[in-house]
Every structure is written in C-alpha cells, then in structure tokens.
Amino acid sequence: MTTTDTLPAETFTLPELPYQLNALEPQISEETMRYHYGKHHKTYIDNLNRLIRGTRYQNAPLEEIVINSDGALFNNAAQAWNHTFYFLTLSPDPQMVPDGELAEAIKRDFGSFENFKKQFTEAASTLFGSGWTWLVKDHDGKLKIVSYSNGGNPLPHGLTPLLGIDVWEHAYYIDYRNARADALANHWDVIDWKVVGQRYKGL
Ligand code: MN
C-alpha cells in the first residue's frame, strides 16, 4: 500500500452554502447555481484533490497552494478558492450598501459608493475573455479594483481580497446569454456588504 492510498478520498470539499440554490432568483437562477456551484465549482475541487495527491501540497492549506503553485494546480486551486469566496459573498437578503469603516474607505478611495460601482462595472465589463474582477485592500490599507484573467487571484500579488466577481461566461450565460453588462447590473442586488465589511476589518 502506498501512502497515497491512505489519504482521504476528499481533502477539500464543496462548501455548504447558507442559502438554497433557488434563493438568489431572479438575479441568479437555480439552473445557473446547479451548474456553477454544483458542477463547475465541484470540478475545480475534484481536480484540486487529484492534483495535490502525493505532492508536497497534499496537507497544505488552500491559500498556501494558491500563493505558491502554478500551472494546472494553480488554476484549479485558485478557482476552488475564488468560487467559495464568491458564493459566500452572495445572499438572498443582503446588506445592500457598505457601512462603517468600509463605507468610509470606499468614499476615501473612490469618491462615493456609486463611483466605486461604476469603476468596478467598467473593469469587469472590459476584462477580455474569462476572469475575475476584485475589490482588494493593499499593504497600506488602500482599496483598489484589479482584474485577472482565468483563475487569477489577488493573494499571490500580496493583496487582500474583499469582493470577487466571476465574469466567466459560465457564471451568467444561462440567465443572461452574452449580456455580461446586464448580469453585472443585477449582481449588485445579491452582494452582501456585511460580508465584505467583515473581510475589510479582517474578521
Ligand atoms: Mn465560475
């Protein structure tokens, strides 16, 4: 028996969501959730578990794999992380606007919440092909909007992710077909700023 035979079949698992798959309708349909969470996200996690087996990453925390790996392992580890982060930002009963320290920081760095949404939407709309647009906090505590192609993630860049929006077509094509702008416009209605605010405070 090799050591890999004794490892649990699943090192990482699909996270449970604090809402039903139809709870984000009409902005995000149950069918999209069945594919996006139930199939795409699950596949990244299955691939990740397969790729780390027998490597130095087999007992590593996911963040460590995202920061240090490359190639297929990075792609699947980052996508596993990104999707968990993304789905846990969403809520059927969200706090619609930031408050407290995060609200002040957004006003300081973008002028206003409306201006932030405009800049974020512009970045997400113009990201060519598949990828993610993020609100991040840098080393000095300054807020920034960054976009990365494919499974790109802020952690290897030394940035703290606060909000990540998936602009892969699989995130919106069932509900919005090619209209990424419409998907983004409706997405604001299901983002829970309470969660984003807790991340800002490092909770
Ligand atoms: Mn996705």
# chains A, B, ... in the order shown; residues from 1 in each chain; ligands from 1

$ residues_near_ligand --ligand "ligand 1" --cutoff "7 Å" --atoms "only C-alpha atoms and all ligand atoms" --output "NGL selection string"
:A and (36 or 40-41 or 83 or 166 or 168 or 170-171)

$ residues_around --residues "Pro161 in chain A" --least-positions-apart "3" --cutoff "10 Å" --atoms "only C-alpha atoms" --output "MDAnalysis selection string"
chainID A and resid 82 85 134:138 143:146 153:155 158 164 196 199:200

$ residues_around --residues "range 112-115 of chain A" --least-positions-apart "4" --cutoff "12 Å" --atoms "only C-alpha atoms" --output "PDB file with N, CA, C and O atoms, in the first residue's frame"
ATOM      1  N   MET A  96     -27.401  45.923   1.437  1.00  0.00           N
ATOM      2  CA  MET A  96     -27.252  46.434   0.070  1.00  0.00           C
ATOM      3  C   MET A  96     -26.120  47.441  -0.132  1.00  0.00           C
ATOM      4  O   MET A  96     -25.650  47.641  -1.246  1.00  0.00           O
ATOM      5  N   VAL A  97     -25.711  48.092   0.947  1.00  0.00           N
ATOM      6  CA  VAL A  97     -24.640  49.091   0.836  1.00  0.00           C
ATOM      7  C   VAL A  97     -23.628  48.884   1.965  1.00  0.00           C
ATOM      8  O   VAL A  97     -23.982  48.386   3.031  1.00  0.00           O
ATOM      9  N   PRO A  98     -22.372  49.267   1.722  1.00  0.00           N
ATOM     10  CA  PRO A  98     -21.376  49.153   2.783  1.00  0.00           C
ATOM     11  C   PRO A  98     -21.673  50.123   3.920  1.00  0.00           C
ATOM     12  O   PRO A  98     -22.312  51.159   3.697  1.00  0.00           O
ATOM     13  N   ASP A  99     -21.225  49.785   5.113  1.00  0.00           N
ATOM     14  CA  ASP A  99     -21.348  50.730   6.226  1.00  0.00           C
ATOM     15  C   ASP A  99     -20.042  50.759   7.018  1.00  0.00           C
ATOM     16  O   ASP A  99     -19.082  50.058   6.673  1.00  0.00           O
ATOM     17  N   LEU A 102     -15.654  50.308   6.181  1.00  0.00           N
ATOM     18  CA  LEU A 102     -15.557  50.023   4.742  1.00  0.00           C
ATOM     19  C   LEU A 102     -16.209  51.141   3.933  1.00  0.00           C
ATOM     20  O   LEU A 102     -15.660  51.577   2.915  1.00  0.00           O
ATOM     21  N   ALA A 103     -17.361  51.632   4.387  1.00  0.00           N
ATOM     22  CA  ALA A 103     -18.035  52.728   3.689  1.00  0.00           C
ATOM     23  C   ALA A 103     -17.132  53.961   3.635  1.00  0.00           C
ATOM     24  O   ALA A 103     -17.030  54.632   2.601  1.00  0.00           O
ATOM     25  N   GLU A 104     -16.450  54.227   4.745  1.00  0.00           N
ATOM     26  CA  GLU A 104     -15.536  55.387   4.790  1.00  0.00           C
ATOM     27  C   GLU A 104     -14.361  55.188   3.840  1.00  0.00           C
ATOM     28  O   GLU A 104     -13.935  56.109   3.148  1.00  0.00           O
ATOM     29  N   ALA A 105     -13.819  53.969   3.796  1.00  0.00           N
ATOM     30  CA  ALA A 105     -12.671  53.686   2.925  1.00  0.00           C
ATOM     31  C   ALA A 105     -13.067  53.780   1.448  1.00  0.00           C
ATOM     32  O   ALA A 105     -12.288  54.270   0.617  1.00  0.00           O
ATOM     33  N   ILE A 106     -14.274  53.329   1.116  1.00  0.00           N
ATOM     34  CA  ILE A 106     -14.743  53.417  -0.273  1.00  0.00           C
ATOM     35  C   ILE A 106     -14.902  54.882  -0.675  1.00  0.00           C
ATOM     36  O   ILE A 106     -14.502  55.291  -1.770  1.00  0.00           O
ATOM     37  N   LYS A 107     -15.449  55.675   0.229  1.00  0.00           N
ATOM     38  CA  LYS A 107     -15.606  57.105  -0.049  1.00  0.00           C
ATOM     39  C   LYS A 107     -14.231  57.766  -0.215  1.00  0.00           C
ATOM     40  O   LYS A 107     -14.009  58.567  -1.130  1.00  0.00           O
ATOM     41  N   ARG A 108     -13.301  57.386   0.637  1.00  0.00           N
ATOM     42  CA  ARG A 108     -11.942  57.954   0.601  1.00  0.00           C
ATOM     43  C   ARG A 108     -11.237  57.603  -0.716  1.00  0.00           C
ATOM     44  O   ARG A 108     -10.606  58.452  -1.347  1.00  0.00           O
ATOM     45  N   GLN A 119     -16.808  52.255 -11.511  1.00  0.00           N
ATOM     46  CA  GLN A 119     -15.438  51.831 -11.871  1.00  0.00           C
ATOM     47  C   GLN A 119     -15.310  50.311 -11.877  1.00  0.00           C
ATOM     48  O   GLN A 119     -14.642  49.733 -12.735  1.00  0.00           O
ATOM     49  N   PHE A 120     -15.962  49.656 -10.905  1.00  0.00           N
ATOM     50  CA  PHE A 120     -15.885  48.196 -10.827  1.00  0.00           C
ATOM     51  C   PHE A 120     -16.573  47.572 -12.039  1.00  0.00           C
ATOM     52  O   PHE A 120     -16.043  46.642 -12.672  1.00  0.00           O
ATOM     53  N   THR A 121     -17.756  48.105 -12.374  1.00  0.00           N
ATOM     54  CA  THR A 121     -18.504  47.592 -13.521  1.00  0.00           C
ATOM     55  C   THR A 121     -17.715  47.786 -14.817  1.00  0.00           C
ATOM     56  O   THR A 121     -17.682  46.899 -15.676  1.00  0.00           O
ATOM     57  N   GLU A 122     -17.057  48.935 -14.931  1.00  0.00           N
ATOM     58  CA  GLU A 122     -16.233  49.209 -16.111  1.00  0.00           C
ATOM     59  C   GLU A 122     -15.099  48.182 -16.224  1.00  0.00           C
ATOM     60  O   GLU A 122     -14.846  47.619 -17.292  1.00  0.00           O
ATOM     61  N   TRP A 188     -25.352  43.391  -8.305  1.00  0.00           N
ATOM     62  CA  TRP A 188     -25.263  44.227  -7.093  1.00  0.00           C
ATOM     63  C   TRP A 188     -26.374  43.910  -6.109  1.00  0.00           C
ATOM     64  O   TRP A 188     -26.214  44.108  -4.905  1.00  0.00           O
ATOM     65  N   TRP A 193     -22.967  43.262   1.595  1.00  0.00           N
ATOM     66  CA  TRP A 193     -21.877  44.147   2.032  1.00  0.00           C
ATOM     67  C   TRP A 193     -21.497  43.950   3.484  1.00  0.00           C
ATOM     68  O   TRP A 193     -20.448  44.420   3.921  1.00  0.00           O
TER      69      TRP A 193
END

$ select_by_dssp --residues "range 43-176 of chain A" --states "strand (DSSP E or B)" --output "ChimeraX atom specification"
/A:90,131-137,143-149,160-166

$ write_last_selection --atoms "N, CA, C and O atoms" --output "PDB file, in the first residue's frame"
ATOM      1  N   LEU A  90     -22.584  36.180  -1.579  1.00  0.00           N
ATOM      2  CA  LEU A  90     -23.944  36.396  -2.071  1.00  0.00           C
ATOM      3  C   LEU A  90     -24.970  36.036  -1.006  1.00  0.00           C
ATOM      4  O   LEU A  90     -24.726  35.173  -0.161  1.00  0.00           O
ATOM      5  N   GLY A 131     -12.390  35.559 -16.553  1.00  0.00           N
ATOM      6  CA  GLY A 131     -11.566  36.071 -15.465  1.00  0.00           C
ATOM      7  C   GLY A 131     -12.404  36.584 -14.314  1.00  0.00           C
ATOM      8  O   GLY A 131     -13.600  36.308 -14.223  1.00  0.00           O
ATOM      9  N   TRP A 132     -11.734  37.341 -13.451  1.00  0.00           N
ATOM     10  CA  TRP A 132     -12.343  37.839 -12.222  1.00  0.00           C
ATOM     11  C   TRP A 132     -11.960  39.296 -12.013  1.00  0.00           C
ATOM     12  O   TRP A 132     -10.813  39.679 -12.242  1.00  0.00           O
ATOM     13  N   THR A 133     -12.917  40.076 -11.526  1.00  0.00           N
ATOM     14  CA  THR A 133     -12.634  41.448 -11.088  1.00  0.00           C
ATOM     15  C   THR A 133     -12.814  41.489  -9.567  1.00  0.00           C
ATOM     16  O   THR A 133     -13.770  40.918  -9.034  1.00  0.00           O
ATOM     17  N   TRP A 134     -11.877  42.164  -8.915  1.00  0.00           N
ATOM     18  CA  TRP A 134     -11.805  42.127  -7.442  1.00  0.00           C
ATOM     19  C   TRP A 134     -11.750  43.529  -6.849  1.00  0.00           C
ATOM     20  O   TRP A 134     -11.104  44.426  -7.404  1.00  0.00           O
ATOM     21  N   LEU A 135     -12.377  43.678  -5.686  1.00  0.00           N
ATOM     22  CA  LEU A 135     -12.084  44.797  -4.797  1.00  0.00           C
ATOM     23  C   LEU A 135     -11.087  44.257  -3.781  1.00  0.00           C
ATOM     24  O   LEU A 135     -11.352  43.226  -3.135  1.00  0.00           O
ATOM     25  N   VAL A 136      -9.930  44.928  -3.664  1.00  0.00           N
ATOM     26  CA  VAL A 136      -8.877  44.441  -2.759  1.00  0.00           C
ATOM     27  C   VAL A 136      -8.391  45.570  -1.859  1.00  0.00           C
ATOM     28  O   VAL A 136      -8.600  46.758  -2.136  1.00  0.00           O
ATOM     29  N   LYS A 137      -7.707  45.154  -0.803  1.00  0.00           N
ATOM     30  CA  LYS A 137      -7.023  46.097   0.098  1.00  0.00           C
ATOM     31  C   LYS A 137      -5.537  45.835  -0.056  1.00  0.00           C
ATOM     32  O   LYS A 137      -5.096  44.678  -0.004  1.00  0.00           O
ATOM     33  N   LEU A 143      -7.860  50.821  -0.891  1.00  0.00           N
ATOM     34  CA  LEU A 143      -8.721  49.959  -1.699  1.00  0.00           C
ATOM     35  C   LEU A 143      -8.401  50.141  -3.172  1.00  0.00           C
ATOM     36  O   LEU A 143      -8.149  51.260  -3.632  1.00  0.00           O
ATOM     37  N   LYS A 144      -8.431  49.021  -3.915  1.00  0.00           N
ATOM     38  CA  LYS A 144      -8.170  49.063  -5.345  1.00  0.00           C
ATOM     39  C   LYS A 144      -9.072  48.078  -6.061  1.00  0.00           C
ATOM     40  O   LYS A 144      -9.525  47.092  -5.459  1.00  0.00           O
ATOM     41  N   ILE A 145      -9.299  48.319  -7.347  1.00  0.00           N
ATOM     42  CA  ILE A 145     -10.006  47.371  -8.206  1.00  0.00           C
ATOM     43  C   ILE A 145      -8.968  46.738  -9.121  1.00  0.00           C
ATOM     44  O   ILE A 145      -8.211  47.451  -9.783  1.00  0.00           O
ATOM     45  N   VAL A 146      -8.897  45.414  -9.118  1.00  0.00           N
ATOM     46  CA  VAL A 146      -7.967  44.714 -10.015  1.00  0.00           C
ATOM     47  C   VAL A 146      -8.717  43.611 -10.747  1.00  0.00           C
ATOM     48  O   VAL A 146      -9.698  43.072 -10.233  1.00  0.00           O
ATOM     49  N   SER A 147      -8.255  43.299 -11.964  1.00  0.00           N
ATOM     50  CA  SER A 147      -8.834  42.205 -12.740  1.00  0.00           C
ATOM     51  C   SER A 147      -7.727  41.254 -13.165  1.00  0.00           C
ATOM     52  O   SER A 147      -6.609  41.690 -13.460  1.00  0.00           O
ATOM     53  N   TYR A 148      -8.056  39.977 -13.183  1.00  0.00           N
ATOM     54  CA  TYR A 148      -7.109  38.958 -13.653  1.00  0.00           C
ATOM     55  C   TYR A 148      -7.832  38.006 -14.593  1.00  0.00           C
ATOM     56  O   TYR A 148      -9.008  37.707 -14.386  1.00  0.00           O
ATOM     57  N   SER A 149      -7.123  37.499 -15.563  1.00  0.00           N
ATOM     58  CA  SER A 149      -7.689  36.511 -16.478  1.00  0.00           C
ATOM     59  C   SER A 149      -7.766  35.139 -15.804  1.00  0.00           C
ATOM     60  O   SER A 149      -7.052  34.857 -14.838  1.00  0.00           O
ATOM     61  N   THR A 160      -5.240  41.794  -0.336  1.00  0.00           N
ATOM     62  CA  THR A 160      -6.299  41.145   0.436  1.00  0.00           C
ATOM     63  C   THR A 160      -7.625  41.250  -0.314  1.00  0.00           C
ATOM     64  O   THR A 160      -8.145  42.350  -0.502  1.00  0.00           O
ATOM     65  N   PRO A 161      -8.189  40.128  -0.764  1.00  0.00           N
ATOM     66  CA  PRO A 161      -9.463  40.177  -1.498  1.00  0.00           C
ATOM     67  C   PRO A 161     -10.638  40.506  -0.573  1.00  0.00           C
ATOM     68  O   PRO A 161     -10.727  39.963   0.526  1.00  0.00           O
ATOM     69  N   LEU A 162     -11.502  41.404  -1.029  1.00  0.00           N
ATOM     70  CA  LEU A 162     -12.703  41.748  -0.263  1.00  0.00           C
ATOM     71  C   LEU A 162     -13.971  41.321  -0.992  1.00  0.00           C
ATOM     72  O   LEU A 162     -14.947  40.921  -0.368  1.00  0.00           O
ATOM     73  N   LEU A 163     -13.934  41.434  -2.317  1.00  0.00           N
ATOM     74  CA  LEU A 163     -15.088  41.102  -3.157  1.00  0.00           C
ATOM     75  C   LEU A 163     -14.543  40.611  -4.495  1.00  0.00           C
ATOM     76  O   LEU A 163     -13.635  41.237  -5.053  1.00  0.00           O
ATOM     77  N   GLY A 164     -15.075  39.509  -5.001  1.00  0.00           N
ATOM     78  CA  GLY A 164     -14.643  38.999  -6.300  1.00  0.00           C
ATOM     79  C   GLY A 164     -15.845  38.654  -7.155  1.00  0.00           C
ATOM     80  O   GLY A 164     -16.746  37.956  -6.688  1.00  0.00           O
ATOM     81  N   ILE A 165     -15.869  39.178  -8.366  1.00  0.00           N
ATOM     82  CA  ILE A 165     -16.967  38.887  -9.283  1.00  0.00           C
ATOM     83  C   ILE A 165     -16.443  38.037 -10.442  1.00  0.00           C
ATOM     84  O   ILE A 165     -15.471  38.404 -11.108  1.00  0.00           O
ATOM     85  N   ASP A 166     -17.128  36.928 -10.660  1.00  0.00           N
ATOM     86  CA  ASP A 166     -16.777  35.962 -11.694  1.00  0.00           C
ATOM     87  C   ASP A 166     -17.367  36.443 -13.022  1.00  0.00           C
ATOM     88  O   ASP A 166     -18.583  36.573 -13.139  1.00  0.00           O
TER      89      ASP A 166
END

$ atom_distance --atom1 "CA of Gly141 in chain A" --atom2 "CA of Asn76 in chain A"
28.7 Å

$ atom_distance --atom1 "CA of Ser125 in chain A" --atom2 "CA of His157 in chain A"
22.1 Å

$ closest_residue --among "A:Asp70, A:Glu25, A:Asp93, A:Glu64" --to "Ile191 in chain A" --atoms "only C-alpha atoms"
A:Asp93

$ closest_residue --among "A:Gln27, A:Trp81, A:Leu51, A:Asp189" --to "Glu63 in chain A" --atoms "only C-alpha atoms"
A:Trp81

$ decode --residues "range 19-172 of chain A" --atoms "C-alpha atoms" --output "PDB file, in the first residue's frame"
ATOM      1  CA  TYR A  19     -28.911  29.652   1.143  1.00  0.00           C
ATOM      2  CA  GLN A  20     -30.913  27.413  -1.186  1.00  0.00           C
ATOM      3  CA  LEU A  21     -29.887  27.132  -4.839  1.00  0.00           C
ATOM      4  CA  ASN A  22     -33.053  28.972  -5.928  1.00  0.00           C
ATOM      5  CA  ALA A  23     -32.716  31.690  -3.266  1.00  0.00           C
ATOM      6  CA  LEU A  24     -30.835  34.173  -5.477  1.00  0.00           C
ATOM      7  CA  GLU A  25     -33.549  34.267  -8.137  1.00  0.00           C
ATOM      8  CA  PRO A  26     -34.303  36.206 -10.232  1.00  0.00           C
ATOM      9  CA  GLN A  27     -30.778  37.676 -10.370  1.00  0.00           C
ATOM     10  CA  ILE A  28     -29.134  34.218 -10.458  1.00  0.00           C
ATOM     11  CA  SER A  29     -31.310  31.243 -11.402  1.00  0.00           C
ATOM     12  CA  GLU A  30     -31.399  27.849  -9.737  1.00  0.00           C
ATOM     13  CA  GLU A  31     -30.215  26.347 -13.035  1.00  0.00           C
ATOM     14  CA  THR A  32     -27.133  28.613 -13.050  1.00  0.00           C
ATOM     15  CA  MET A  33     -26.420  27.634  -9.449  1.00  0.00           C
ATOM     16  CA  ARG A  34     -26.801  23.930 -10.258  1.00  0.00           C
ATOM     17  CA  TYR A  35     -24.159  24.259 -12.965  1.00  0.00           C
ATOM     18  CA  HIS A  36     -21.929  26.937 -11.484  1.00  0.00           C
ATOM     19  CA  TYR A  37     -21.799  25.617  -7.907  1.00  0.00           C
ATOM     20  CA  GLY A  38     -22.837  22.010  -8.398  1.00  0.00           C
ATOM     21  CA  LYS A  39     -20.697  21.253 -11.458  1.00  0.00           C
ATOM     22  CA  HIS A  40     -18.049  23.915 -12.198  1.00  0.00           C
ATOM     23  CA  HIS A  41     -17.064  24.596  -8.590  1.00  0.00           C
ATOM     24  CA  LYS A  42     -17.198  20.901  -7.713  1.00  0.00           C
ATOM     25  CA  THR A  43     -14.990  20.022 -10.693  1.00  0.00           C
ATOM     26  CA  TYR A  44     -12.304  22.517  -9.612  1.00  0.00           C
ATOM     27  CA  ILE A  45     -12.313  20.939  -6.138  1.00  0.00           C
ATOM     28  CA  ASP A  46     -12.201  17.389  -7.526  1.00  0.00           C
ATOM     29  CA  ASN A  47      -9.309  18.341  -9.838  1.00  0.00           C
ATOM     30  CA  LEU A  48      -7.500  20.058  -6.950  1.00  0.00           C
ATOM     31  CA  ASN A  49      -7.791  16.947  -4.756  1.00  0.00           C
ATOM     32  CA  ARG A  50      -6.482  14.775  -7.589  1.00  0.00           C
ATOM     33  CA  LEU A  51      -3.567  17.132  -8.372  1.00  0.00           C
ATOM     34  CA  ILE A  52      -2.281  17.516  -4.791  1.00  0.00           C
ATOM     35  CA  ARG A  53      -2.316  13.783  -4.042  1.00  0.00           C
ATOM     36  CA  GLY A  54       1.241  12.618  -3.442  1.00  0.00           C
ATOM     37  CA  THR A  55       2.717  16.131  -3.743  1.00  0.00           C
ATOM     38  CA  ARG A  56       4.148  18.484  -1.122  1.00  0.00           C
ATOM     39  CA  TYR A  57       0.800  20.263  -1.155  1.00  0.00           C
ATOM     40  CA  GLN A  58      -1.289  17.294  -0.031  1.00  0.00           C
ATOM     41  CA  ASN A  59      -1.747  18.632   3.505  1.00  0.00           C
ATOM     42  CA  ALA A  60      -1.351  22.339   2.735  1.00  0.00           C
ATOM     43  CA  PRO A  61      -3.997  24.995   3.390  1.00  0.00           C
ATOM     44  CA  LEU A  62      -5.714  26.137   0.206  1.00  0.00           C
ATOM     45  CA  GLU A  63      -4.324  29.690   0.489  1.00  0.00           C
ATOM     46  CA  GLU A  64      -0.785  28.314   0.561  1.00  0.00           C
ATOM     47  CA  ILE A  65      -1.415  26.328  -2.625  1.00  0.00           C
ATOM     48  CA  VAL A  66      -2.941  29.372  -4.353  1.00  0.00           C
ATOM     49  CA  ILE A  67       0.040  31.564  -3.409  1.00  0.00           C
ATOM     50  CA  ASN A  68       2.804  29.097  -4.295  1.00  0.00           C
ATOM     51  CA  SER A  69       1.611  26.872  -7.138  1.00  0.00           C
ATOM     52  CA  ASP A  70       1.428  27.351 -10.888  1.00  0.00           C
ATOM     53  CA  GLY A  71       0.031  25.632 -13.960  1.00  0.00           C
ATOM     54  CA  ALA A  72      -2.930  23.274 -13.661  1.00  0.00           C
ATOM     55  CA  LEU A  73      -2.611  23.092  -9.875  1.00  0.00           C
ATOM     56  CA  PHE A  74      -2.798  26.882  -9.535  1.00  0.00           C
ATOM     57  CA  ASN A  75      -5.740  27.087 -11.949  1.00  0.00           C
ATOM     58  CA  ASN A  76      -7.818  24.576 -10.004  1.00  0.00           C
ATOM     59  CA  ALA A  77      -6.729  25.705  -6.514  1.00  0.00           C
ATOM     60  CA  ALA A  78      -7.423  29.351  -7.316  1.00  0.00           C
ATOM     61  CA  GLN A  79     -10.770  28.537  -8.890  1.00  0.00           C
ATOM     62  CA  ALA A  80     -11.725  26.423  -5.861  1.00  0.00           C
ATOM     63  CA  TRP A  81     -10.816  29.356  -3.579  1.00  0.00           C
ATOM     64  CA  ASN A  82     -12.382  32.020  -5.825  1.00  0.00           C
ATOM     65  CA  HIS A  83     -15.728  30.245  -6.090  1.00  0.00           C
ATOM     66  CA  THR A  84     -16.051  29.582  -2.356  1.00  0.00           C
ATOM     67  CA  PHE A  85     -15.258  33.267  -1.734  1.00  0.00           C
ATOM     68  CA  TYR A  86     -17.727  34.335  -4.439  1.00  0.00           C
ATOM     69  CA  PHE A  87     -20.684  32.191  -3.347  1.00  0.00           C
ATOM     70  CA  LEU A  88     -20.230  33.199   0.293  1.00  0.00           C
ATOM     71  CA  THR A  89     -20.433  36.897  -0.720  1.00  0.00           C
ATOM     72  CA  LEU A  90     -23.944  36.396  -2.071  1.00  0.00           C
ATOM     73  CA  SER A  91     -27.171  36.449  -0.100  1.00  0.00           C
ATOM     74  CA  PRO A  92     -30.920  36.448  -0.802  1.00  0.00           C
ATOM     75  CA  ASP A  93     -31.238  39.031   1.989  1.00  0.00           C
ATOM     76  CA  PRO A  94     -28.117  41.147   1.570  1.00  0.00           C
ATOM     77  CA  GLN A  95     -26.976  44.330   3.232  1.00  0.00           C
ATOM     78  CA  MET A  96     -27.252  46.434   0.070  1.00  0.00           C
ATOM     79  CA  VAL A  97     -24.640  49.091   0.836  1.00  0.00           C
ATOM     80  CA  PRO A  98     -21.376  49.153   2.783  1.00  0.00           C
ATOM     81  CA  ASP A  99     -21.348  50.730   6.226  1.00  0.00           C
ATOM     82  CA  GLY A 100     -18.850  51.637   8.945  1.00  0.00           C
ATOM     83  CA  GLU A 101     -15.118  51.578   8.186  1.00  0.00           C
ATOM     84  CA  LEU A 102     -15.557  50.023   4.742  1.00  0.00           C
ATOM     85  CA  ALA A 103     -18.035  52.728   3.689  1.00  0.00           C
ATOM     86  CA  GLU A 104     -15.536  55.387   4.790  1.00  0.00           C
ATOM     87  CA  ALA A 105     -12.671  53.686   2.925  1.00  0.00           C
ATOM     88  CA  ILE A 106     -14.743  53.417  -0.273  1.00  0.00           C
ATOM     89  CA  LYS A 107     -15.606  57.105  -0.049  1.00  0.00           C
ATOM     90  CA  ARG A 108     -11.942  57.954   0.601  1.00  0.00           C
ATOM     91  CA  ASP A 109     -10.538  55.876  -2.290  1.00  0.00           C
ATOM     92  CA  PHE A 110     -13.318  56.086  -4.921  1.00  0.00           C
ATOM     93  CA  GLY A 111     -15.176  59.297  -4.031  1.00  0.00           C
ATOM     94  CA  SER A 112     -18.504  57.549  -3.441  1.00  0.00           C
ATOM     95  CA  PHE A 113     -20.133  54.101  -3.455  1.00  0.00           C
ATOM     96  CA  GLU A 114     -21.825  54.937  -6.762  1.00  0.00           C
ATOM     97  CA  ASN A 115     -18.488  55.893  -8.270  1.00  0.00           C
ATOM     98  CA  PHE A 116     -16.933  52.671  -6.970  1.00  0.00           C
ATOM     99  CA  LYS A 117     -19.722  50.614  -8.584  1.00  0.00           C
ATOM    100  CA  LYS A 118     -19.200  52.473 -11.851  1.00  0.00           C
ATOM    101  CA  GLN A 119     -15.438  51.831 -11.871  1.00  0.00           C
ATOM    102  CA  PHE A 120     -15.885  48.196 -10.827  1.00  0.00           C
ATOM    103  CA  THR A 121     -18.504  47.592 -13.521  1.00  0.00           C
ATOM    104  CA  GLU A 122     -16.233  49.209 -16.111  1.00  0.00           C
ATOM    105  CA  ALA A 123     -13.327  46.940 -15.105  1.00  0.00           C
ATOM    106  CA  ALA A 124     -15.496  43.800 -15.115  1.00  0.00           C
ATOM    107  CA  SER A 125     -17.168  44.714 -18.428  1.00  0.00           C
ATOM    108  CA  THR A 126     -13.909  45.296 -20.248  1.00  0.00           C
ATOM    109  CA  LEU A 127     -11.994  42.265 -18.931  1.00  0.00           C
ATOM    110  CA  PHE A 128     -11.473  40.327 -22.151  1.00  0.00           C
ATOM    111  CA  GLY A 129     -12.464  36.663 -22.027  1.00  0.00           C
ATOM    112  CA  SER A 130     -12.712  34.701 -18.790  1.00  0.00           C
ATOM    113  CA  GLY A 131     -11.566  36.071 -15.465  1.00  0.00           C
ATOM    114  CA  TRP A 132     -12.343  37.839 -12.222  1.00  0.00           C
ATOM    115  CA  THR A 133     -12.634  41.448 -11.088  1.00  0.00           C
ATOM    116  CA  TRP A 134     -11.805  42.127  -7.442  1.00  0.00           C
ATOM    117  CA  LEU A 135     -12.084  44.797  -4.797  1.00  0.00           C
ATOM    118  CA  VAL A 136      -8.877  44.441  -2.759  1.00  0.00           C
ATOM    119  CA  LYS A 137      -7.023  46.097   0.098  1.00  0.00           C
ATOM    120  CA  ASP A 138      -3.303  46.687  -0.431  1.00  0.00           C
ATOM    121  CA  HIS A 139      -0.455  46.729   2.134  1.00  0.00           C
ATOM    122  CA  ASP A 140      -1.191  50.356   3.035  1.00  0.00           C
ATOM    123  CA  GLY A 141      -4.903  49.709   3.548  1.00  0.00           C
ATOM    124  CA  LYS A 142      -5.826  51.424   0.290  1.00  0.00           C
ATOM    125  CA  LEU A 143      -8.721  49.959  -1.699  1.00  0.00           C
ATOM    126  CA  LYS A 144      -8.170  49.063  -5.345  1.00  0.00           C
ATOM    127  CA  ILE A 145     -10.006  47.371  -8.206  1.00  0.00           C
ATOM    128  CA  VAL A 146      -7.967  44.714 -10.015  1.00  0.00           C
ATOM    129  CA  SER A 147      -8.834  42.205 -12.740  1.00  0.00           C
ATOM    130  CA  TYR A 148      -7.109  38.958 -13.653  1.00  0.00           C
ATOM    131  CA  SER A 149      -7.689  36.511 -16.478  1.00  0.00           C
ATOM    132  CA  ASN A 150      -8.774  32.903 -15.947  1.00  0.00           C
ATOM    133  CA  GLY A 151      -8.400  31.849 -12.276  1.00  0.00           C
ATOM    134  CA  GLY A 152      -6.335  34.874 -11.264  1.00  0.00           C
ATOM    135  CA  ASN A 153      -6.461  35.666  -7.560  1.00  0.00           C
ATOM    136  CA  PRO A 154      -5.179  38.637  -5.502  1.00  0.00           C
ATOM    137  CA  LEU A 155      -3.379  36.535  -2.847  1.00  0.00           C
ATOM    138  CA  PRO A 156      -0.185  35.814  -4.871  1.00  0.00           C
ATOM    139  CA  HIS A 157       0.016  39.579  -5.524  1.00  0.00           C
ATOM    140  CA  GLY A 158       0.082  40.366  -1.801  1.00  0.00           C
ATOM    141  CA  LEU A 159      -3.401  41.891  -1.908  1.00  0.00           C
ATOM    142  CA  THR A 160      -6.299  41.145   0.436  1.00  0.00           C
ATOM    143  CA  PRO A 161      -9.463  40.177  -1.498  1.00  0.00           C
ATOM    144  CA  LEU A 162     -12.703  41.748  -0.263  1.00  0.00           C
ATOM    145  CA  LEU A 163     -15.088  41.102  -3.157  1.00  0.00           C
ATOM    146  CA  GLY A 164     -14.643  38.999  -6.300  1.00  0.00           C
ATOM    147  CA  ILE A 165     -16.967  38.887  -9.283  1.00  0.00           C
ATOM    148  CA  ASP A 166     -16.777  35.962 -11.694  1.00  0.00           C
ATOM    149  CA  VAL A 167     -17.049  37.120 -15.315  1.00  0.00           C
ATOM    150  CA  TRP A 168     -16.541  33.698 -16.913  1.00  0.00           C
ATOM    151  CA  GLU A 169     -19.440  33.076 -19.281  1.00  0.00           C
ATOM    152  CA  HIS A 170     -20.436  30.023 -17.204  1.00  0.00           C
ATOM    153  CA  ALA A 171     -21.387  32.470 -14.413  1.00  0.00           C
ATOM    154  CA  TYR A 172     -24.089  34.202 -16.442  1.00  0.00           C
TER     155      TYR A 172
END
